[in-house]
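I have placed the structure first, in the form of structure tokens, so that the comments after it can refer back to it.
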Amino acid sequence: MQVAVVLLLLCIIAVAPSAFAPFAAALPATVASNLPEQVHVVFGGTRLLRPTSYVIQFVTLGNNAAASFVQFGLAPDPAALTTTVLGEDMPVLFTDADGASSEAAPCAQHERFLHSVVLNDLPQGTTVYYRAACHADGPWSDVFALKTVNHTAPRLVASVFGDMGSQMDVTSIPMLIQDTKAGAHDLVIHYGDIAYGPPNDCGASSDGFLNDIQPIAASVPYIFGVGNHESESEAANHTARYKYHNFLMRYGGQHALAAASGSSSIRYFSFNVQRVHFVLLDTDAWVLPEVWSLVKPQIQFLEKDLASVDRSETPWIVVMGHRAMYCTKAADAECNDEAEAIRYGFGNPQHGIERLLLQYGVDLYLSGHTHHYMRTHPVAQGKLIQRSYVNFRGKGVVHVQSGVGGVASPDPFTVPPREYDAFWDASYARGWARLTFWNDTHLEVEQYNAVDHSLVDSFTIVQNSYL
Ligand SMILES: [Fe+2]
């Protein structure tokens, strides 16, 4: 909802008269702690038209947040931020108490308000400047520069990875900040294992992580997928385990995007950007008995979703899940029984993902979880289809595992490569993958080193027909 400031004030009074009448005349002394932080942006939901709406999310730590505001314009000077938008949803009080152990300090000490404001119909391929506040008279955040996607541009660049916290010895964050400032990518997708906080810290680790990535996530859309470290499986409080509470609350700004794709959950959804159809899945469902119930709805969603893709509009389909369907690491469950459960279903072939990826000609499956970088040749049914990356759509899928965004310990390769394995990075360099969709036929995949931005691997997929 975009309104002029005068209308906006009337609207606020109508929404919360007790908090704003007389308007902001006597703001309490906690105003300084209401400075927005953890600013991050995701696409809003418009599937068919491709998103030109953006959801600005932020957090305030004060105790009197009754509204959410964003001012924006096309120049960085605060005086040029001439459009003020009031968030339609009230701020959500969030303590992550469900993730706290009974022995932890009371999470009331970690109260925070989650804000989201939707900016509709932003101009494409431009820089929109904005700032946020939880009161109409501030305090306002810094002014951020959001680079909006140009859906008609010939090229799209996405930085993608799994497994990244900020309190690690090496993370990709500084290099991704550098790339963001240089305009090197259009969006970021982090497919699970976010922040690596302990489950009993009342969400403090996620606060720190979101502040650390703010120079990235406030400037380009930063999409979050779910991984096992969001399960809170280690929570001492058993009622909290496998509830994914912190993920579902903190990244709730993705609900519009998920809903637009026909999903009722931000754990699995899809979206179109430019000429690419991205799908994010919750692969824990195929592995953790506590969330097996999410297999069937995801299969149903995925089949309907992939069947609906118009390849003349989005010739590229990229599916991402935190856990791999194909990986080769060790003789353990992760790259064997668990990967096969995702690939083929367990006991019910209809619950396997691979048949759908093949039927609908998915080009690329990306995963993390296992902490290294590797890629396959086009593969299907556990067999090498071809060594070439040219024209394999519908016959096989290429699998890339980039699960070293910023994680403490790499997973070494301890078993021989399989026939379909194409490249392993045995240096276990922390880093991220960059997908460059050059046009409708050429997709370049690169893996970068987080220490020096050097290239770890590069290959190009060429698909000359839709299917
Ligand atoms: Fe993981």
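Ordered as shown in the structure tokens, chains take letters A, B, and onward, while each chain numbers its residues from 1 and ligands are numbered from 1 in the order shown.
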
Write out as a VMD selection string each polymer residue whose atoms come within 6 Å of A:Phe161, counting only C-alpha atoms; drop sequence neighbours fewer than 3 positions from it. chain A and resid 190 402 405 432

Produce a table with one row for each residue of chain A that has an atom at most 8 Å from any atom of ligand 1, each row naming the nearest atom pair and its distance in Å at one decimal; use only C-alpha atoms and all ligand atoms; arrange rows by chain and rising residue number; format as CSV.
residue,atom,partner,partner_atom_place_in_ligand_line,distance
A:Gly162,CA,ligand 1,1 (Fe),7.9
A:Asp163,CA,ligand 1,1 (Fe),6.4
A:Gly192,CA,ligand 1,1 (Fe),6.8
A:Asp193,CA,ligand 1,1 (Fe),5.4
A:Gly227,CA,ligand 1,1 (Fe),5.5
A:Asn228,CA,ligand 1,1 (Fe),5.0
A:His229,CA,ligand 1,1 (Fe),6.0
A:His322,CA,ligand 1,1 (Fe),6.6
A:Arg323,CA,ligand 1,1 (Fe),7.0
A:Gly368,CA,ligand 1,1 (Fe),6.7
A:His369,CA,ligand 1,1 (Fe),3.6
A:Thr370,CA,ligand 1,1 (Fe),6.7

Quick one: residues within 12 Å of stretch 330-346 of chain A, only C-alpha atoms, excluding same-chain residues fewer than 5 positions away - as a ChimeraX atom specification? /A:281-289,292,295-296,298-299,321-325,351-358,365,367-371,379-382,397,399,401,411-418

Could you pull out the strand (DSSP E or B) residues of stretch 61-133 of chain A, going by DSSP on the backbone, and write them as a VMD selection string? chain A and resid 69 to 73 83 to 86 92 to 94 112 to 119 127 to 133

Could you check which of A:Val362, A:Asp421, A:Thr84, A:Asn449 is closest to A:Gln386, using only C-alpha atoms?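 Closest to A:Gln386, using only C-alpha atoms: A:Asp421.
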
For stretch 109-126 of chain A: contacts at 7 Å, only C-alpha atoms, fewer than 3 positions along chain excluded, given as a CSV table (one decimal) with N, CA and C atoms, in the first residue's frame:
chain,number,residue,atom,x,y,z
A,52,THR,N,7.8,-7.5,-9.3
A,52,THR,CA,8.3,-6.1,-9.3
A,52,THR,C,8.0,-5.5,-7.9
A,53,SER,N,7.4,-6.3,-7.1
A,53,SER,CA,7.2,-5.9,-5.7
A,53,SER,C,8.3,-6.5,-4.8
A,54,TYR,N,8.7,-5.7,-3.8
A,54,TYR,CA,9.8,-6.1,-2.9
A,54,TYR,C,9.3,-6.0,-1.5
A,55,VAL,N,9.7,-6.9,-0.6
A,55,VAL,CA,9.3,-6.8,0.8
A,55,VAL,C,10.6,-6.4,1.6
A,56,ILE,N,10.5,-5.2,2.2
A,56,ILE,CA,11.6,-4.7,3.0
A,56,ILE,C,11.3,-5.3,4.5
A,57,GLN,N,12.2,-6.1,5.0
A,57,GLN,CA,12.0,-6.6,6.3
A,57,GLN,C,13.1,-6.0,7.2
A,58,PHE,N,12.7,-5.7,8.5
A,58,PHE,CA,13.7,-5.2,9.4
A,58,PHE,C,13.3,-5.5,10.8
A,59,VAL,N,14.2,-5.3,11.8
A,59,VAL,CA,13.9,-5.6,13.2
A,59,VAL,C,14.2,-4.4,14.0
A,60,THR,N,13.3,-4.2,15.0
A,60,THR,CA,13.6,-3.2,16.0
A,60,THR,C,13.6,-3.8,17.4
A,61,LEU,N,14.4,-3.3,18.3
A,61,LEU,CA,14.5,-3.9,19.6
A,61,LEU,C,13.8,-3.2,20.7
A,65,ALA,N,7.1,-0.6,19.2
A,65,ALA,CA,6.9,-0.6,17.8
A,65,ALA,C,5.5,-0.9,17.4
A,68,SER,N,5.2,0.0,10.8
A,68,SER,CA,6.4,-0.2,10.0
A,68,SER,C,6.3,0.7,8.9
A,69,PHE,N,7.4,1.5,8.6
A,69,PHE,CA,7.4,2.5,7.6
A,69,PHE,C,8.7,2.3,6.7
A,70,VAL,N,8.5,2.5,5.4
A,70,VAL,CA,9.6,2.7,4.5
A,70,VAL,C,9.4,3.9,3.7
A,86,LEU,N,3.3,2.6,4.5
A,86,LEU,CA,3.1,2.0,5.8
A,86,LEU,C,2.9,0.5,5.6
A,87,GLY,N,3.6,-0.3,6.4
A,87,GLY,CA,3.4,-1.7,6.3
A,87,GLY,C,2.0,-2.1,6.7
A,88,GLU,N,1.4,-3.0,5.8
A,88,GLU,CA,0.0,-3.4,6.1
A,88,GLU,C,-0.1,-4.3,7.4
A,91,PRO,N,3.7,-5.0,13.3
A,91,PRO,CA,5.0,-5.6,13.7
A,91,PRO,C,4.7,-6.8,14.6
A,92,VAL,N,5.5,-7.9,14.4
A,92,VAL,CA,5.3,-9.1,15.2
A,92,VAL,C,6.3,-9.2,16.3
A,93,LEU,N,5.8,-9.3,17.5
A,93,LEU,CA,6.8,-9.5,18.6
A,93,LEU,C,7.3,-10.9,18.6
A,94,PHE,N,8.6,-11.0,18.6
A,94,PHE,CA,9.3,-12.3,18.4
A,94,PHE,C,10.4,-12.5,19.5
A,95,THR,N,10.3,-13.5,20.2
A,95,THR,CA,11.4,-13.8,21.2
A,95,THR,C,12.1,-15.1,20.9
A,106,PRO,N,15.7,-16.0,30.4
A,106,PRO,CA,14.4,-15.7,29.8
A,106,PRO,C,14.5,-15.0,28.5
A,147,LYS,N,19.0,-2.6,-5.7
A,147,LYS,CA,19.1,-2.8,-7.1
A,147,LYS,C,18.0,-3.7,-7.5
A,148,THR,N,17.0,-3.2,-8.3
A,148,THR,CA,15.8,-4.0,-8.7
A,148,THR,C,16.2,-4.8,-9.9
A,149,VAL,N,15.5,-6.0,-10.1
A,149,VAL,CA,15.8,-6.8,-11.2
A,149,VAL,C,15.2,-6.3,-12.5
A,150,ASN,N,15.9,-6.4,-13.5
A,150,ASN,CA,15.3,-6.1,-14.9
A,150,ASN,C,14.9,-7.4,-15.5
A,202,CYS,N,17.9,-17.8,22.1
A,202,CYS,CA,16.8,-16.9,22.0
A,202,CYS,C,16.9,-16.1,20.7
A,253,GLY,N,8.6,-12.8,5.8
A,253,GLY,CA,8.4,-11.9,4.7
A,253,GLY,C,8.3,-12.6,3.3

Considering only alpha helix (DSSP H) as DSSP defines it on the backbone, what residues of stretch 237-346 of chain A qualify? List them as a PyMOL selection string. chain A and resi 245-250+255-260+295-307+337-344

Between A:Met168, A:Ala97, A:Ala108, A:Ile213, which is the closest to A:Ala235 once you count only C-alpha atoms?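 Once distances to A:Ala235 are computed over only C-alpha atoms, the minimum belongs to A:Ala97.
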
One decimal, Å: what's the distance from atom CA of A:Ala422 over to atom CA of A:Leu280, could you say? 24.1 Å

Two-atom distance - atom CA of A:Arg311, atom CA of A:Ala184 (Å):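 Distance reported for this atom pair: 26.2 Å.
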
Please determine, counting only C-alpha atoms, which residue among A:Ser264, A:Asp96, A:Val279, A:Arg131 has the shortest atom-to-atom distance to A:Ser206. A:Asp96
